[in-house]
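Peer 1: Got input.cif for you, mmCIF, C-alpha atoms:
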```cif
data_protein
#
loop_
_atom_site.label_atom_id
_atom_site.label_comp_id
_atom_site.auth_asym_id
_atom_site.auth_seq_id
_atom_site.Cartn_x
_atom_site.Cartn_y
_atom_site.Cartn_z
CA MET A 1 1.79 -11.79 17.50
CA ASN A 2 1.27 -8.22 18.74
CA ALA A 3 3.80 -5.51 19.58
CA GLU A 4 3.87 -6.47 23.26
CA THR A 5 4.93 -10.09 22.58
CA VAL A 6 7.65 -9.54 19.97
CA PRO A 7 10.93 -10.66 21.55
CA PRO A 8 13.50 -7.84 21.74
CA ALA A 9 16.02 -9.91 19.75
CA ALA A 10 13.62 -9.84 16.78
CA LEU A 11 13.75 -6.05 16.57
CA THR A 12 16.42 -4.37 14.52
CA ALA A 13 18.62 -1.88 16.34
CA THR A 14 17.09 0.99 14.37
CA THR A 15 13.54 -0.08 15.16
CA ALA A 16 14.40 -0.55 18.84
CA ILE A 17 15.87 2.95 19.02
CA LEU A 18 12.84 4.40 17.23
CA GLU A 19 10.46 2.55 19.56
CA HIS A 20 12.33 3.94 22.56
CA SER A 21 12.21 7.47 21.09
CA VAL A 22 8.47 7.22 20.42
CA ALA A 23 7.76 5.80 23.89
CA SER A 24 9.79 8.49 25.66
CA HIS A 25 8.59 11.54 23.71
CA PRO A 26 6.44 13.78 25.94
CA PHE A 27 3.70 14.12 23.28
CA LEU A 28 3.05 10.38 23.42
CA HIS A 29 3.48 9.90 27.19
CA GLY A 30 1.00 7.34 28.47
CA LEU A 31 0.03 5.96 25.06
CA LYS A 32 -0.59 2.19 25.11
CA PRO A 33 2.36 0.07 23.92
CA GLY A 34 0.26 -1.40 21.10
CA HIS A 35 -0.57 2.09 19.86
CA GLN A 36 3.08 3.12 20.16
CA HIS A 37 3.97 0.15 17.98
CA LEU A 38 1.44 1.24 15.32
CA LEU A 39 3.03 4.68 15.33
CA VAL A 40 6.52 3.22 14.94
CA GLU A 41 5.32 1.32 11.84
CA SER A 42 4.53 4.70 10.24
CA ALA A 43 7.65 6.52 11.45
CA ILE A 44 11.17 7.38 10.40
CA ARG A 45 13.83 9.62 11.94
CA MET A 46 14.85 12.63 9.87
CA GLU A 47 17.33 15.47 10.17
CA TYR A 48 16.92 18.96 8.73
CA PRO A 49 19.61 21.61 8.34
CA ALA A 50 19.07 25.21 9.41
CA GLY A 51 17.14 27.22 6.83
CA LYS A 52 15.31 24.24 5.33
CA PHE A 53 11.50 24.37 5.11
CA ILE A 54 9.78 21.26 6.44
CA PHE A 55 6.47 22.28 4.86
CA HIS A 56 4.72 25.29 3.35
CA GLU A 57 1.35 26.86 4.08
CA GLY A 58 -1.36 25.59 1.73
CA GLU A 59 0.41 22.36 0.72
CA PRO A 60 -1.29 19.01 1.43
CA ALA A 61 -0.69 17.93 5.04
CA ASN A 62 -0.06 14.20 5.21
CA ARG A 63 2.45 13.89 8.03
CA PHE A 64 3.42 15.10 11.48
CA TYR A 65 6.61 15.31 13.47
CA LEU A 66 7.86 14.95 17.00
CA ILE A 67 10.83 17.22 17.58
CA GLU A 68 13.74 15.54 19.33
CA SER A 69 16.33 18.31 19.02
CA GLY A 70 16.61 21.71 17.38
CA ARG A 71 14.11 24.52 16.81
CA VAL A 72 11.51 25.20 14.14
CA ALA A 73 9.72 28.49 13.42
CA LEU A 74 6.08 28.45 12.42
CA GLU A 75 5.51 31.33 10.04
CA SER A 76 2.63 32.90 8.16
CA HIS A 77 2.65 35.41 5.34
CA LEU A 78 1.10 38.82 5.10
CA ARG A 79 -0.07 39.84 1.67
CA ASP A 80 3.07 40.83 -0.27
CA GLY A 81 5.09 41.10 2.94
CA PRO A 82 7.75 39.20 4.78
CA PRO A 83 6.85 36.11 6.79
CA VAL A 84 5.60 36.65 10.34
CA GLU A 85 6.92 34.31 13.01
CA VAL A 86 3.95 32.82 14.84
CA GLN A 87 5.81 30.55 17.25
CA VAL A 88 9.10 28.72 17.74
CA ILE A 89 8.85 25.11 18.86
CA GLY A 90 11.55 22.75 20.03
CA PRO A 91 12.43 19.44 21.69
CA GLY A 92 9.54 17.56 23.22
CA GLU A 93 6.93 19.27 21.05
CA ALA A 94 4.76 18.09 18.16
CA LEU A 95 4.82 19.80 14.78
CA GLY A 96 1.91 19.58 12.38
CA TRP A 97 -1.69 19.00 13.37
CA SER A 98 -3.23 19.67 9.96
CA TRP A 99 -2.86 16.05 8.78
CA LEU A 100 -5.69 15.04 11.10
CA PHE A 101 -8.24 17.77 10.34
CA PRO A 102 -9.82 18.07 6.87
CA PRO A 103 -9.13 19.60 4.43
CA CYS A 104 -5.61 18.50 5.51
CA HIS A 105 -3.56 21.45 4.26
CA TRP A 106 -0.78 23.15 6.21
CA ASN A 107 -1.80 26.37 7.95
CA PHE A 108 1.76 27.70 8.37
CA ASP A 109 5.26 27.38 6.96
CA ALA A 110 7.70 25.44 9.13
CA ARG A 111 11.28 26.72 8.80
CA VAL A 112 14.20 25.07 10.59
CA LEU A 113 16.14 27.57 12.72
CA GLU A 114 18.96 25.25 13.76
CA PRO A 115 19.84 21.65 12.86
CA THR A 116 16.81 19.64 13.91
CA THR A 117 16.10 15.94 14.42
CA VAL A 118 12.51 14.75 14.24
CA ILE A 119 10.48 11.58 14.18
CA PHE A 120 8.39 11.79 11.00
CA PHE A 121 5.01 10.01 10.91
CA TYR A 122 2.98 9.25 7.80
CA GLY A 123 -0.31 10.89 8.72
CA SER A 124 -2.25 9.35 5.83
CA ARG A 125 -1.43 5.86 7.16
CA LEU A 126 -2.30 6.92 10.68
CA ARG A 127 -5.68 8.33 9.61
CA VAL A 128 -6.53 4.84 8.32
CA GLN A 129 -5.35 3.30 11.61
CA CYS A 130 -7.45 5.82 13.55
CA GLU A 131 -10.54 4.78 11.56
CA LEU A 132 -9.81 1.11 12.31
CA ASP A 133 -8.94 1.70 15.97
CA HIS A 134 -11.12 4.44 17.42
CA GLU A 135 -9.27 4.34 20.75
CA LEU A 136 -6.05 5.26 18.94
CA GLY A 137 -7.93 7.93 16.99
CA TYR A 138 -9.34 9.40 20.19
CA GLU A 139 -5.91 9.48 21.85
CA LEU A 140 -4.29 11.21 18.88
CA MET A 141 -7.21 13.61 18.51
CA LYS A 142 -6.95 14.64 22.19
CA ARG A 143 -3.21 15.21 21.89
CA MET A 144 -3.45 17.12 18.60
CA ALA A 145 -6.30 19.23 19.95
CA GLN A 146 -3.99 20.29 22.80
CA VAL A 147 -1.38 21.35 20.22
CA VAL A 148 -4.03 23.40 18.37
CA ILE A 149 -5.14 25.04 21.63
CA GLN A 150 -1.55 25.89 22.57
CA ARG A 151 -0.92 27.43 19.13
CA LEU A 152 -4.13 29.49 19.37
CA GLN A 153 -3.29 30.72 22.87
CA HIS A 154 0.24 31.66 21.80
CA THR A 155 -1.09 33.51 18.75
CA ARG A 156 -3.69 35.33 20.87
CA ARG A 157 -0.97 36.51 23.27
CA GLN A 158 1.09 37.76 20.32
CA LEU A 159 -1.86 39.66 18.88
CA LEU A 160 -2.58 41.31 22.23
CA GLU A 161 1.05 42.34 22.54
CA VAL A 162 1.12 43.80 19.02
CA SER A 163 -2.07 45.79 19.64
CA ARG A 164 -0.61 47.52 22.73
#
```
Could the structure of this file be written out as structure tokens, please?

Peer 2:
Amino acid sequence: MNAETVPPAALTATTAILEHSVASHPFLHGLKPGHQHLLVESAIRMEYPAGKFIFHEGEPANRFYLIESGRVALESHLRDGPPVEVQVIGPGEALGWSWLFPPCHWNFDARVLEPTTVIFFYGSRLRVQCELDHELGYELMKRMAQVVIQRLQHTRRQLLEVSR
């Protein structure tokens, strides 16, 4: 039985809510229902208080997040200086692309600015699924590449502004 034929009564309330959240998140818009189901199998909802770090630059990257509510600052460190805010992301955005691209280490710190709710995905499990299902891998790669491009464009604009 696949994800499209499971009767709704067989789903727990929590799983049904998570499936709805995954299906309605802008990052995953248009993803096949079977692929959405695979994502839900590797997902949990989490909440982070303001000030908490979700991950730190240089640590192994084995997960990614879809932000449902709240705001998260991506930060980088100058040598012996305070952190530099690279970008603030919020609801409807994806956090963490490093899980998909070797060597799979975080490129920034992610610090919660206000109470934040996310859908957390186990990237190591999803990498295996992507190897088994290349269509899923291609879809996630396209979406994550867009996140990388947006981060690069945002950083470029910041650098141009600083240099003026």

Peer 1: A:Glu41, A:Glu85, A:His134, A:Met141: which is nearest Leu100 (chain A), counting all atoms listed in the file?

Peer 2: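 Nearest candidate to Leu100 (chain A) out of A:Glu41, A:Glu85, A:His134, A:Met141: A:Met141.
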
Peer 1: So which residues touch region 16-29 of chain A within 12 Å, counting all atoms listed in the file, skipping near sequence neighbours fewer than 6 positions away, as a ChimeraX atom specification?

Peer 2: /A:3-4,6-10,35-46,64-69,90-95,117-121,136,139-147

Peer 1: May I have the residues within 9 Å of region 48-55 of chain A as a short mmCIF file (atom, residue, chain, number, x, y, z; two decimals) with C-alpha atoms, keeping the file's coordinate frame, using only C-alpha atoms and disregarding those fewer than 6 positions away in the same chain?

Peer 2:
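The file below, part18.cif, is the result:
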```cif
data_model
loop_
_atom_site.label_atom_id
_atom_site.label_comp_id
_atom_site.auth_asym_id
_atom_site.auth_seq_id
_atom_site.Cartn_x
_atom_site.Cartn_y
_atom_site.Cartn_z
CA ALA A 61 -0.69 17.93 5.04
CA ARG A 71 14.11 24.52 16.81
CA VAL A 72 11.51 25.20 14.14
CA TRP A 106 -0.78 23.15 6.21
CA PHE A 108 1.76 27.70 8.37
CA ASP A 109 5.26 27.38 6.96
CA ALA A 110 7.70 25.44 9.13
CA ARG A 111 11.28 26.72 8.80
CA VAL A 112 14.20 25.07 10.59
CA LEU A 113 16.14 27.57 12.72
CA GLU A 114 18.96 25.25 13.76
CA PRO A 115 19.84 21.65 12.86
CA THR A 116 16.81 19.64 13.91
CA THR A 117 16.10 15.94 14.42
CA VAL A 118 12.51 14.75 14.24
#
```

Peer 1: CA of His105 (chain A) to CA of Arg125 (chain A): how many Å, to one decimal?

Peer 2: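 Computing it gives 16.0 Å between the two atoms.
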
Peer 1: Quick one: distance from CA of Val84 (chain A) to CA of Gln158 (chain A) in Å, one decimal?

Peer 2: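 According to the coordinates, CA of Val84 (chain A) and CA of Gln158 (chain A) are separated by 11.0 Å.
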
Peer 1: Enter the distance from CA of Pro83 (chain A) to CA of Glu57 (chain A), in Å, rounded to one decimal.

Peer 2: 11.1 Å

Peer 1: May I have the residues at most 12 Å from (-7.3, 7.9, 9.9) in the file's coordinates, counting only C-alpha atoms, as a PyMOL selection string?

Peer 2: chain A and resi 62-63+99-102+104+122-138+140-141

Peer 1: Restrict the selected residues to C-alpha atoms and save them as a compact mmCIF listing (two decimals), in the coordinates of the input.

Peer 2:
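Full text of out-v1.txt as output:
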```txt
# COMPACT_ATOMS: atom_id res chain seq x y z
CA ASN A 62 -0.06 14.20 5.21
CA ARG A 63 2.45 13.89 8.03
CA TRP A 99 -2.86 16.05 8.78
CA LEU A 100 -5.69 15.04 11.10
CA PHE A 101 -8.24 17.77 10.34
CA PRO A 102 -9.82 18.07 6.87
CA CYS A 104 -5.61 18.50 5.51
CA TYR A 122 2.98 9.25 7.80
CA GLY A 123 -0.31 10.89 8.72
CA SER A 124 -2.25 9.35 5.83
CA ARG A 125 -1.43 5.86 7.16
CA LEU A 126 -2.30 6.92 10.68
CA ARG A 127 -5.68 8.33 9.61
CA VAL A 128 -6.53 4.84 8.32
CA GLN A 129 -5.35 3.30 11.61
CA CYS A 130 -7.45 5.82 13.55
CA GLU A 131 -10.54 4.78 11.56
CA LEU A 132 -9.81 1.11 12.31
CA ASP A 133 -8.94 1.70 15.97
CA HIS A 134 -11.12 4.44 17.42
CA GLU A 135 -9.27 4.34 20.75
CA LEU A 136 -6.05 5.26 18.94
CA GLY A 137 -7.93 7.93 16.99
CA TYR A 138 -9.34 9.40 20.19
CA LEU A 140 -4.29 11.21 18.88
CA MET A 141 -7.21 13.61 18.51
```
